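This report refers to the structure that appears directly beneath it.
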Amino acid sequence: MLPTCSANVKFEIDFMKGIILAGGTGSRLYPVTTVVSKQLLPVFDKPMIYYPLSTLMLAGIRDILVISTPQDKPLFQRLLGDGTEIGLRFSYATQETPRGLADAFIVGREFVGKDSVALILGDNIFYGHGLPSMLSNASFRKKGATVFGYVVNEPQQYGVVELDATGRAISIEEKPKQPKSSWAVTGLYFYDERVVDIAKRVKPSKRGELEITDVNRAYLDAGALYVEELGRGFAWLDTGTCASLLDAANYVATLQRRQGLQIACLEEVAFRKGWIGPSEILSRAELYKNSEYGLYLRDLAERGY
């Protein structure tokens, strides 16, 4: 039997913390996001935030800070709690106004402390065979920064990283008019402990934001920026618009129905990591007993694998 988790769980094996940035106005999804955070909207059968959260969990990260708006923070706390039921530890912080992605390390400075940290955007979904291995590669790097690149059709809409023949980053730009490559930088970043001080020195861009690209460029200039390439067989979905939200929901629904496996099932990830056992799975199954999600958890607990 896998080990169980209690409220007094200790995280002796932790070596990296995680931040989920779930703030912003979600204006591209108006009018629905005038009353609720977009990261709480459903992507098929689960809240959007489950997907980036499961990505951090697959990387072995258990100590996680959720950054949201003052009005949405209580909703995330109600949804996720303190995390002990799934072997995690959640903290919460507020971002009063959207000031750019790098602001996450200013808001979360005390949380990060002197540890390494991963940042993921609350509206990004990652899926593909081999993803856990790539996440492990990034989390085990003791020094430097790691970004995840994905080939896109319109790179001028993203941060763009240029790679040499060996796959090493040689330049990085934010929304360039003439991109030097088609490799977009996705909303998932791994950093060593220096990131909080680097972010503090970043100046607002012409958009008035603290750009994460400036943080990444600092690591590039120091020769410490690494790129994990999400090639064929990987999916990176940004759910920031109504169309992309629908696409993501259809993608998840299709895979789950054909395979009979859940995507971003937090309890299953925790179970397979050994953070919780069958009894915790059954408890959660009872909580969700009237849904397909609850039935899936019950079956998982009864099978034990």
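Residue names in the structure tokens use chain letters A, B, ... in the order shown, residue numbers from 1 in each chain, and ligand numbers from 1 in the order shown.
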Worksheet item: Any idea what's packed within 10 Å of Gly208 of chain A, counting only C-alpha atoms, ignoring anything in its chain fewer than 5 positions away? Could you give it as a ChimeraX atom specification?
Response: /A:98-100,203
Kindly provide the residues of segment 117-170 of chain A that approach segment 48-70 of chain A to within 12 Å, each paired with its closest atom pair and their distance in Å to one decimal, based on only C-alpha atoms, listed by chain and increasing number, as a tab-separated table.
residue	atom	partner	partner_atom	distance
A:Val117	CA	A:Ile61	CA	9.1
A:Ala118	CA	A:Leu56	CA	7.7
A:Leu119	CA	A:Leu56	CA	8.7
A:Ile120	CA	A:Pro52	CA	6.4
A:Leu121	CA	A:Pro52	CA	7.0
A:Gly122	CA	A:Ile49	CA	5.5
A:Asp123	CA	A:Met48	CA	6.5
A:Asn124	CA	A:Pro52	CA	6.2
A:Ile125	CA	A:Tyr51	CA	5.7
A:Phe126	CA	A:Thr55	CA	7.2
A:Tyr127	CA	A:Thr55	CA	8.7
A:Gly128	CA	A:Thr55	CA	11.1
A:Gly130	CA	A:Leu58	CA	11.0
A:Leu131	CA	A:Leu58	CA	8.4
A:Pro132	CA	A:Leu58	CA	5.7
A:Ser133	CA	A:Ala59	CA	8.3
A:Met134	CA	A:Ala59	CA	8.6
A:Leu135	CA	A:Ala59	CA	5.1
A:Ser136	CA	A:Ala59	CA	5.6
A:Asn137	CA	A:Ala59	CA	8.9
A:Ala138	CA	A:Ala59	CA	8.4
A:Ser139	CA	A:Ala59	CA	6.6
A:Phe140	CA	A:Ala59	CA	9.4
Practice prompt. Excluding Gly26 of chain A and any residue of its chain fewer than 2 positions from it, enumerate the residues within 9 Å of it, using only C-alpha atoms, and give them as a PyMOL selection string.
Written response: chain A and resi 23-24+28-30+32-34+37-39+240-241
Dump of C-alpha atoms for the selected residues, as a PDB file, in the first residue's frame:
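Contents of result-v9.pdb, as written:
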ATOM      1  CA  GLY A  23      -4.698  36.727 -11.390  1.00  0.00           C
ATOM      2  CA  GLY A  24      -5.562  39.179 -14.127  1.00  0.00           C
ATOM      3  CA  ARG A  28     -10.806  38.367 -23.316  1.00  0.00           C
ATOM      4  CA  LEU A  29     -13.456  36.127 -21.745  1.00  0.00           C
ATOM      5  CA  TYR A  30     -15.887  38.894 -20.776  1.00  0.00           C
ATOM      6  CA  VAL A  32     -18.339  35.695 -17.745  1.00  0.00           C
ATOM      7  CA  THR A  33     -15.084  36.735 -16.078  1.00  0.00           C
ATOM      8  CA  THR A  34     -16.620  39.911 -14.714  1.00  0.00           C
ATOM      9  CA  SER A  37     -11.692  34.238 -12.246  1.00  0.00           C
ATOM     10  CA  LYS A  38     -11.037  32.554 -15.580  1.00  0.00           C
ATOM     11  CA  GLN A  39      -8.845  30.005 -13.765  1.00  0.00           C
ATOM     12  CA  GLY A 240      -7.368  32.768 -22.490  1.00  0.00           C
ATOM     13  CA  THR A 241     -10.073  33.235 -25.143  1.00  0.00           C
TER      14      THR A 241
END
If you count only C-alpha atoms, which residues fall within 8 Å of segment 181-197 of chain A, apart from same-chain ones fewer than 3 positions away, as a PDB file with C-alpha atoms, in the first residue's frame?
ATOM      1  CA  PHE A 105       8.323  36.809  -7.712  1.00  0.00           C
ATOM      2  CA  ILE A 106       7.868  40.156  -6.006  1.00  0.00           C
ATOM      3  CA  ARG A 109       9.323  36.801  -2.496  1.00  0.00           C
ATOM      4  CA  VAL A 112      10.222  31.618  -2.334  1.00  0.00           C
ATOM      5  CA  GLY A 113      12.880  32.595   0.189  1.00  0.00           C
ATOM      6  CA  LYS A 114      16.190  31.016  -0.804  1.00  0.00           C
ATOM      7  CA  ASP A 115      14.677  28.079  -2.682  1.00  0.00           C
ATOM      8  CA  SER A 116      14.379  27.249  -6.354  1.00  0.00           C
ATOM      9  CA  VAL A 117      10.935  27.874  -7.797  1.00  0.00           C
ATOM     10  CA  ALA A 118       8.748  27.021 -10.778  1.00  0.00           C
ATOM     11  CA  LEU A 119       6.170  29.465 -12.126  1.00  0.00           C
ATOM     12  CA  ILE A 120       3.221  28.363 -14.239  1.00  0.00           C
ATOM     13  CA  LEU A 121       0.394  30.461 -15.631  1.00  0.00           C
ATOM     14  CA  ASN A 124      -1.841  27.023 -19.525  1.00  0.00           C
ATOM     15  CA  ALA A 138      14.113  21.167 -15.280  1.00  0.00           C
ATOM     16  CA  SER A 139      13.456  20.669 -11.567  1.00  0.00           C
ATOM     17  CA  LYS A 142      20.479  23.324  -9.413  1.00  0.00           C
ATOM     18  CA  LYS A 143      21.465  26.525 -11.192  1.00  0.00           C
ATOM     19  CA  GLY A 144      20.027  28.629 -13.960  1.00  0.00           C
ATOM     20  CA  ALA A 145      16.610  28.950 -15.569  1.00  0.00           C
ATOM     21  CA  THR A 146      14.661  26.579 -17.773  1.00  0.00           C
ATOM     22  CA  VAL A 147      11.904  27.559 -20.190  1.00  0.00           C
ATOM     23  CA  PHE A 148       9.765  25.324 -22.374  1.00  0.00           C
ATOM     24  CA  GLY A 149       9.664  26.079 -26.084  1.00  0.00           C
ATOM     25  CA  TYR A 150       6.844  25.226 -28.475  1.00  0.00           C
ATOM     26  CA  VAL A 151       6.698  25.826 -32.238  1.00  0.00           C
ATOM     27  CA  VAL A 152       3.799  28.131 -33.213  1.00  0.00           C
ATOM     28  CA  ASN A 153       2.443  29.620 -36.416  1.00  0.00           C
ATOM     29  CA  GLU A 154       2.452  33.239 -35.245  1.00  0.00           C
ATOM     30  CA  PRO A 155       5.485  33.665 -32.985  1.00  0.00           C
ATOM     31  CA  TYR A 158       4.690  35.444 -27.917  1.00  0.00           C
ATOM     32  CA  GLY A 159       8.025  35.622 -26.242  1.00  0.00           C
ATOM     33  CA  VAL A 160      10.375  34.014 -28.772  1.00  0.00           C
ATOM     34  CA  VAL A 161      13.595  32.142 -28.091  1.00  0.00           C
ATOM     35  CA  GLU A 162      16.235  31.547 -30.758  1.00  0.00           C
ATOM     36  CA  LEU A 163      18.233  28.325 -30.551  1.00  0.00           C
ATOM     37  CA  LYS A 200      13.131  43.064  -8.332  1.00  0.00           C
ATOM     38  CA  ARG A 201      15.548  44.810 -10.721  1.00  0.00           C
ATOM     39  CA  VAL A 215      14.029  37.869 -16.313  1.00  0.00           C
ATOM     40  CA  TRP A 236       0.356  23.333 -25.205  1.00  0.00           C
TER      41      TRP A 236
END
Item to complete: In Å, rounded to a single decimal, give me how far atom CA of Ala22 of chain A is from atom CA of Glu229 of chain A.
Response: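 Result for atom CA of Glu229 of chain A versus atom CA of Ala22 of chain A: 24.6 Å, one decimal.
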Fill in: Selection near Arg303 of chain A, 12 Å with only C-alpha atoms, sequence-local residues under 4 positions removed, as a PyMOL selection string
chain A and resi 1+277-278+281-282+296-299
Item to complete: Tell me which protein, DNA and RNA residues are within 9 Å of Asn216 of chain A, counting only C-alpha atoms, leaving out same-chain ones fewer than 3 positions away, and put them as a list in words.
Response: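 In the requested format, the answer is Ala145, Thr146, Val147, Ile172, Ile212, Thr213, Tyr219, Leu220, Asp221 and Leu225 of chain A.
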Put those residues in a file: C-alpha atoms, as a compact mmCIF listing (two decimals), in the first residue's frame.
# COMPACT_ATOMS: atom_id res chain seq x y z
CA ALA A 145 16.61 28.95 -15.57
CA THR A 146 14.66 26.58 -17.77
CA VAL A 147 11.90 27.56 -20.19
CA ILE A 172 15.08 35.89 -26.50
CA ILE A 212 9.15 37.66 -17.72
CA THR A 213 11.24 37.89 -20.88
CA TYR A 219 19.74 34.33 -17.22
CA LEU A 220 20.60 34.18 -20.92
CA ASP A 221 23.21 36.92 -20.51
CA LEU A 225 19.17 29.80 -19.70
Worksheet item: Which of segment 21-244 of chain A counts as alpha helix (DSSP H) under DSSP, as JSON, numbers by chain please?
Response: {"A": [50, 51, 52, 53, 54, 55, 56, 57, 58, 73, 74, 75, 76, 77, 78, 79, 80, 103, 104, 105, 106, 107, 109, 110, 111, 112, 131, 132, 133, 134, 135, 136, 137, 138, 139, 195, 196, 197, 198, 199, 200, 201, 212, 213, 214, 215, 216, 217, 218, 219, 220, 221, 242, 243, 244]}
Item to complete: Check the DSSP output for the backbone and give back, as an MDAnalysis selection string, the residues of segment 55-265 of chain A in strand (DSSP E or B).
Response: chainID A and resid 63:68 89:94 116:121 124:127 145:151 159:163 169:174 183:191 225:230 235:238
Discussion item. Measuring between only C-alpha atoms, which one of A:Glu174, A:Arg141, A:Ile19, A:Thr25 shows the shortest distance to Val107 of chain A?
Written reply: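 Ranked by minimum distance to Val107 of chain A, first place goes to A:Ile19.
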Fill in: atom CA of Gln157 of chain A to atom CA of Gln178 of chain A, distance in Å rounded to a single decimal
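Computing it gives 10.7 Å between the two atoms.
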Item to complete: Calculate how many Å separate atom CA of Lys73 of chain A from atom CA of Thr94 of chain A, rounding to one decimal.
Response: 6.9 Å
Practice prompt. Considering only C-alpha atoms, state which residue in the set A:Ala218, A:Pro47, A:Ile198, A:Lys175 is at the smallest distance from Leu245 of chain A.
Written response: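 Nearest candidate to Leu245 of chain A out of A:Ala218, A:Pro47, A:Ile198, A:Lys175: A:Pro47.
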Item to complete: Name the closest residue to Leu237 of chain A among the candidates A:Val252, A:Ser171, A:Leu300, A:Gly294; distances are taken between atoms, counting only C-alpha atoms.
Response: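 With only C-alpha atoms as the atom set, the closest residue is A:Val252.
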